[in-house]
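Here's the structure, in structure tokens; my notes come after.
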Amino acid sequence: MRRLWALFLVFTLALTACSSGTTNSNSTAPAGSGDKPIELEFYFPVAVGGPITKIIDGLAADFTKENPNIKVTPIFGGSYQDTMTKVATAVQGGNAPDMAVLLSTELYTLLSMNAIENLTPQFEKSYIDDFFEGFMANSKVGDDVWSVPFQRSTIVLYYNKDAFKAAGLDPEKAPSNWQELREYAQKLTVKDGQGNVTQWGLEIPSTGFQYWMFQALALQTGDNIMSGDGKQVFFDNPANVEALQFWHDLGKKDKVMPEGIIEWATVPSDFLSGKTAMMFHTTGNLTKVKNDASFDFGVAFLPANKQFGSPTGGGNLYVFKDIPEENKKASAKFIEFLTSPERVAQWSIDTGYVATRKSAYETDTLKKYVTDFPHAKVAMDQLQYANSELSTYQNGQVQKILNDNIQAALNGTTSVNEALQKAQTQADQVLKNFK
Amino acid sequence: MEKKVNWLTGTGRGSLPPTRWKKNAFAYSLLLPSMIFLILFTYYPTLKSIYLSFFNSTMGQTEFVGLQQYKQLLEDDIFLKVMKNNLLLAIGTVPTSIFLAIYLAIWLNGKLKANAFLRAAFFYPTVIPMIAIANIWLFIYTPSYGLLDQFLEVFGVKGVNWLGDPSWVMYSMIFMLIWKEAGFFMIFYLAGLQNLPQDVYEAARIEGAKPFQIFRHITFPLLMPTTMFVLIIAVTNSFKLVDHLYIMTKGGPDNASNLLLYYIYETAFSFWDMGKASVLTVVLLVILLAISIFNYAYLDKRIHY
């Protein structure tokens, strides 16, 4: 009997010890006695096709080979959103990781959580200046650098050259403006005897990242849909109404695109299986399309309305605040390692993401790749017209508001005008505390 | 004599014979591990959610606001839509899947010889992980080349955008859920059927009762305890659905398939609005409690065991 009691006592103690132990582990870690290796926790998501996990593990191992006293432990976090959830939970539990790849648009959320480290003092100015301006826009607030561009993307137009030939179009000439886009899409929409569509002219996905696609159309028509400081949005201005109306009409009026909602993940499969002749999608899928396409395909700028335009997207490298000073130094070192021109070039080739630094395009690796596979350069050339992705305070909520209303408009449950006005009012409500 | 109060039983030690005290202590110590887990993972989070629901807390800053967030919830269009969807889901799935489960169970109970395969086939959906199920159905519902549309094409019917059309998405979810739940509940009914007394059936057959009469007057009333159990599970399940939504629709399009638990998840982990998420959690708690109370306090009394 007494032994049993003792057993339960031990059990209870063990349980309470566990629960308090995890929160302490970070703060009680020795403040580095020089010879002890520094261990870095590095959370990363996977958002595009390809063996990303394997590549990251390889990079971490290479880094330890060069810096034997620093060990990087990459931790796969799932999708961008899952990774953010894990990181934010860890931060609030006082157990922040050292580094993470998170969406560049999470900047203001992470700032209001007071979670991330200002990286301005960690890097040389010349290093930061080497990154493309289009990518830095989402990484800075004013002159302060809060994150470093890593797996960055942008939207491009993919088109099936075989389908172009079949429709009597020049396969070397992609549509360059909205008028042409509409005409080409019309010619590329193929119907069978019963009037069922067997090949669509165009697909623009409208789940998951519909605000991003909307932003592209908006940037082609006017200015960006939010202010640079993340405190204001301009969803309902006339240029944006025109942009959403065009998107809506492609499906509902011109009937060159499936009506209603088109799933983000099925659009590349539709393109690869010939169900659609053109698609708007992230460059992050370029390597997958290159490997899997059984036909000749082209990559082009998104067609212009008044000008070319596309938002950037993808993930940045963040360093967290609540970690020992030497871990911050080591993290900065790892970031410089990851973003060295040679590795940025290789990363871009392996994944399809856009190389983030100008000097990466000077490397022989990427020069040679671009000569053999000119598609890889399209995204970079388009960057001069690029602008930052929708990122505001309370970003999750603001994006959801816009996302819901875009879907309502595309489905025809509300008019385009009404949807954007509603989105504006709701977003203003959310953002009013930050003005 | 000094009277010591026993903290476990609440009674004076002197009034209890020592053997009974020992027995009680032993019983409680056996319960202790479960108790700890129950407190740690059920009672504590419940109380904490109720407590947090009175605070406006976004991004780590908390501020007492009383019942204000409850009031705001009533003006929240998405919340009202979510509740409507949830109600539709419960009404759509619960009766149908229970009816199907009874039907399948009786059918399979009769054919004792070749039914191991059939039982496995109908129970199969319960064994596959939720995420895998969601992905399979995502493919089934894909417009044009999904399994469902290809099947319909055989009959010359043109499919719709099952998950992308706000007027169809809930029905698509309901259909999938019935497929998944019916096989699960069937197992309970099969177990229930195996335990029914055979002499009653014999007597009924001698009296010349028709199969439907037998079902109506013997099988169904005798299965009521099982039905009660299944009913609780079915209704609570319909309020707990989240995995499928996460994979298949993310609550879209335009919240047409958003459900309470997913909305809580979104509010907490996409918007980081812990205050509102706590309020929503309290709403979910009240609903689940109400279902249980209704079942145990009302239905339970009308069932003969």
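Ordering of the structure tokens sets the chain letters (A, B, ...); residue numbers start at 1 within each chain; ligands are numbered from 1 in the order shown.
Those residues of chain B that fall within 6 Å of chain A when using only C-alpha atoms read Met59, Gly164, Pro253, Asp254, Phe269, Ser270 and Phe271 of chain B.
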Go ahead and write the selection's residues with N, CA and C atoms as an mmCIF file, in the first residue's frame.
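Saved the output as result_39.cif:
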data_model
loop_
_atom_site.group_PDB
_atom_site.id
_atom_site.type_symbol
_atom_site.label_atom_id
_atom_site.label_comp_id
_atom_site.auth_asym_id
_atom_site.auth_seq_id
_atom_site.Cartn_x
_atom_site.Cartn_y
_atom_site.Cartn_z
ATOM 1 N N MET B 59 -2.497 39.768 -29.519
ATOM 2 C CA MET B 59 -1.045 39.957 -29.501
ATOM 3 C C MET B 59 -0.494 40.191 -28.090
ATOM 4 N N GLY B 164 -16.728 24.529 -54.704
ATOM 5 C CA GLY B 164 -16.488 25.938 -54.986
ATOM 6 C C GLY B 164 -17.774 26.744 -55.079
ATOM 7 N N PRO B 253 -16.312 28.527 -50.083
ATOM 8 C CA PRO B 253 -16.080 29.915 -50.510
ATOM 9 C C PRO B 253 -16.919 30.910 -49.705
ATOM 10 N N ASP B 254 -16.305 32.007 -49.376
ATOM 11 C CA ASP B 254 -16.962 33.069 -48.620
ATOM 12 C C ASP B 254 -17.723 32.526 -47.410
ATOM 13 N N PHE B 269 -5.727 31.204 -34.336
ATOM 14 C CA PHE B 269 -4.387 30.996 -34.874
ATOM 15 C C PHE B 269 -4.109 31.678 -36.212
ATOM 16 N N SER B 270 -5.122 32.319 -36.813
ATOM 17 C CA SER B 270 -4.811 33.163 -37.970
ATOM 18 C C SER B 270 -4.922 34.631 -37.600
ATOM 19 N N PHE B 271 -5.918 34.930 -36.729
ATOM 20 C CA PHE B 271 -6.105 36.328 -36.348
ATOM 21 C C PHE B 271 -5.465 36.626 -35.001
#
Residue contacts of Thr221 (chain A) (10 Å, only C-alpha atoms) excluding same-chain residues fewer than 2 positions away, as an mmCIF file with N, CA, C and O atoms, in the first residue's frame:
data_model
loop_
_atom_site.group_PDB
_atom_site.id
_atom_site.type_symbol
_atom_site.label_atom_id
_atom_site.label_comp_id
_atom_site.auth_asym_id
_atom_site.auth_seq_id
_atom_site.Cartn_x
_atom_site.Cartn_y
_atom_site.Cartn_z
ATOM 1 N N GLN A 215 -4.435 41.370 -56.267
ATOM 2 C CA GLN A 215 -3.414 42.413 -56.182
ATOM 3 C C GLN A 215 -2.675 42.591 -57.505
ATOM 4 O O GLN A 215 -2.364 43.710 -57.907
ATOM 5 N N ALA A 216 -2.406 41.453 -58.166
ATOM 6 C CA ALA A 216 -1.723 41.530 -59.459
ATOM 7 C C ALA A 216 -2.557 42.357 -60.439
ATOM 8 O O ALA A 216 -2.043 43.284 -61.071
ATOM 9 N N LEU A 217 -3.837 42.027 -60.536
ATOM 10 C CA LEU A 217 -4.718 42.760 -61.461
ATOM 11 C C LEU A 217 -4.824 44.228 -61.052
ATOM 12 O O LEU A 217 -4.881 45.122 -61.895
ATOM 13 N N ALA A 218 -4.841 44.463 -59.741
ATOM 14 C CA ALA A 218 -4.935 45.842 -59.251
ATOM 15 C C ALA A 218 -3.665 46.629 -59.596
ATOM 16 O O ALA A 218 -3.740 47.782 -60.012
ATOM 17 N N LEU A 219 -2.512 45.993 -59.420
ATOM 18 C CA LEU A 219 -1.244 46.674 -59.709
ATOM 19 C C LEU A 219 -1.115 46.982 -61.191
ATOM 20 O O LEU A 219 -0.475 47.955 -61.580
ATOM 21 N N ASP A 223 -2.501 51.708 -58.326
ATOM 22 C CA ASP A 223 -1.486 51.582 -57.282
ATOM 23 C C ASP A 223 -1.760 50.355 -56.428
ATOM 24 O O ASP A 223 -2.733 49.643 -56.633
ATOM 25 N N ASN A 224 -0.880 50.167 -55.440
ATOM 26 C CA ASN A 224 -1.046 49.018 -54.559
ATOM 27 C C ASN A 224 -2.300 49.186 -53.681
ATOM 28 O O ASN A 224 -2.807 50.290 -53.518
ATOM 29 N N PRO A 238 -11.530 53.007 -57.538
ATOM 30 C CA PRO A 238 -12.044 52.611 -58.861
ATOM 31 C C PRO A 238 -11.135 51.644 -59.621
ATOM 32 O O PRO A 238 -11.636 50.728 -60.287
ATOM 33 N N ALA A 239 -9.814 51.823 -59.508
ATOM 34 C CA ALA A 239 -8.902 50.929 -60.234
ATOM 35 C C ALA A 239 -9.091 49.494 -59.760
ATOM 36 O O ALA A 239 -9.077 48.548 -60.564
ATOM 37 N N ASN A 240 -9.278 49.312 -58.454
ATOM 38 C CA ASN A 240 -9.433 47.966 -57.917
ATOM 39 C C ASN A 240 -10.767 47.351 -58.314
ATOM 40 O O ASN A 240 -10.861 46.149 -58.530
ATOM 41 N N VAL A 241 -11.794 48.211 -58.394
ATOM 42 C CA VAL A 241 -13.093 47.715 -58.861
ATOM 43 C C VAL A 241 -12.959 47.214 -60.295
ATOM 44 O O VAL A 241 -13.454 46.138 -60.651
ATOM 45 N N GLU A 242 -12.240 47.992 -61.106
ATOM 46 C CA GLU A 242 -12.019 47.590 -62.496
ATOM 47 C C GLU A 242 -11.288 46.246 -62.557
ATOM 48 O O GLU A 242 -11.630 45.362 -63.363
ATOM 49 N N ALA A 243 -10.289 46.085 -61.677
ATOM 50 C CA ALA A 243 -9.498 44.843 -61.660
ATOM 51 C C ALA A 243 -10.362 43.637 -61.325
ATOM 52 O O ALA A 243 -10.327 42.616 -62.020
ATOM 53 N N ALA A 304 -0.501 43.369 -69.141
ATOM 54 C CA ALA A 304 -0.701 44.678 -68.538
ATOM 55 C C ALA A 304 -2.097 45.212 -68.829
ATOM 56 O O ALA A 304 -2.681 44.875 -69.860
ATOM 57 N N ASN A 305 -2.599 46.029 -67.932
ATOM 58 C CA ASN A 305 -3.781 46.819 -68.270
ATOM 59 C C ASN A 305 -3.288 48.216 -68.614
ATOM 60 O O ASN A 305 -3.131 48.566 -69.776
ATOM 61 N N LYS A 306 -2.981 49.031 -67.573
ATOM 62 C CA LYS A 306 -2.337 50.322 -67.839
ATOM 63 C C LYS A 306 -0.824 50.186 -67.774
ATOM 64 O O LYS A 306 -0.096 50.970 -68.342
ATOM 65 N N GLN A 307 -0.346 49.174 -66.987
ATOM 66 C CA GLN A 307 1.090 48.910 -66.894
ATOM 67 C C GLN A 307 1.261 47.454 -66.485
ATOM 68 O O GLN A 307 0.291 46.807 -66.142
ATOM 69 N N PHE A 308 2.502 46.959 -66.556
ATOM 70 C CA PHE A 308 2.768 45.634 -66.020
ATOM 71 C C PHE A 308 2.706 45.693 -64.499
ATOM 72 O O PHE A 308 2.875 46.763 -63.913
ATOM 73 N N GLY A 309 2.510 44.551 -63.889
ATOM 74 C CA GLY A 309 2.498 44.549 -62.428
ATOM 75 C C GLY A 309 2.281 43.172 -61.856
ATOM 76 O O GLY A 309 1.588 42.346 -62.449
#
Give me, please, the distance in Å between CA of Thr392 (chain A) and CA of Lys231 (chain A), quoted to one decimal.
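About the pair CA of Thr392 (chain A) and CA of Lys231 (chain A): they are 6.0 Å apart.
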Tell me, which residues of region 255-403 of chain A carry DSSP helix (DSSP H, G or I), written as a PyMOL selection string?
chain A and resi 266-272+283-292+325-338+341-351+358-362+364-372+375-385+395-403
Given only C-alpha atoms as the counted atoms, nearest of A:Pro68, A:Gly134, A:Gly77, A:Pro97 to Asp381 (chain A):
A:Gly134
For Arg343 (chain A), which residue among A:Leu40, A:Ala355, A:Ala427, A:Val370 is the nearest when counting only C-alpha atoms?
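So, comparing all the options, the nearest one is A:Ala355.
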A straight line from CA of Leu231 (chain B) to CA of Asn258 (chain B) spans 22.8 Å
So which residues touch Phe434 (chain A) within 8 Å, counting only C-alpha atoms, skipping near sequence neighbours fewer than 2 positions away, as a PyMOL selection string?
chain A and resi 231+393+431-432
Quick one: distance from CA of Pro303 (chain A) to CA of Gln220 (chain A) in Å, one decimal?
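Going from CA of Pro303 (chain A) over to CA of Gln220 (chain A) covers 8.0 Å.
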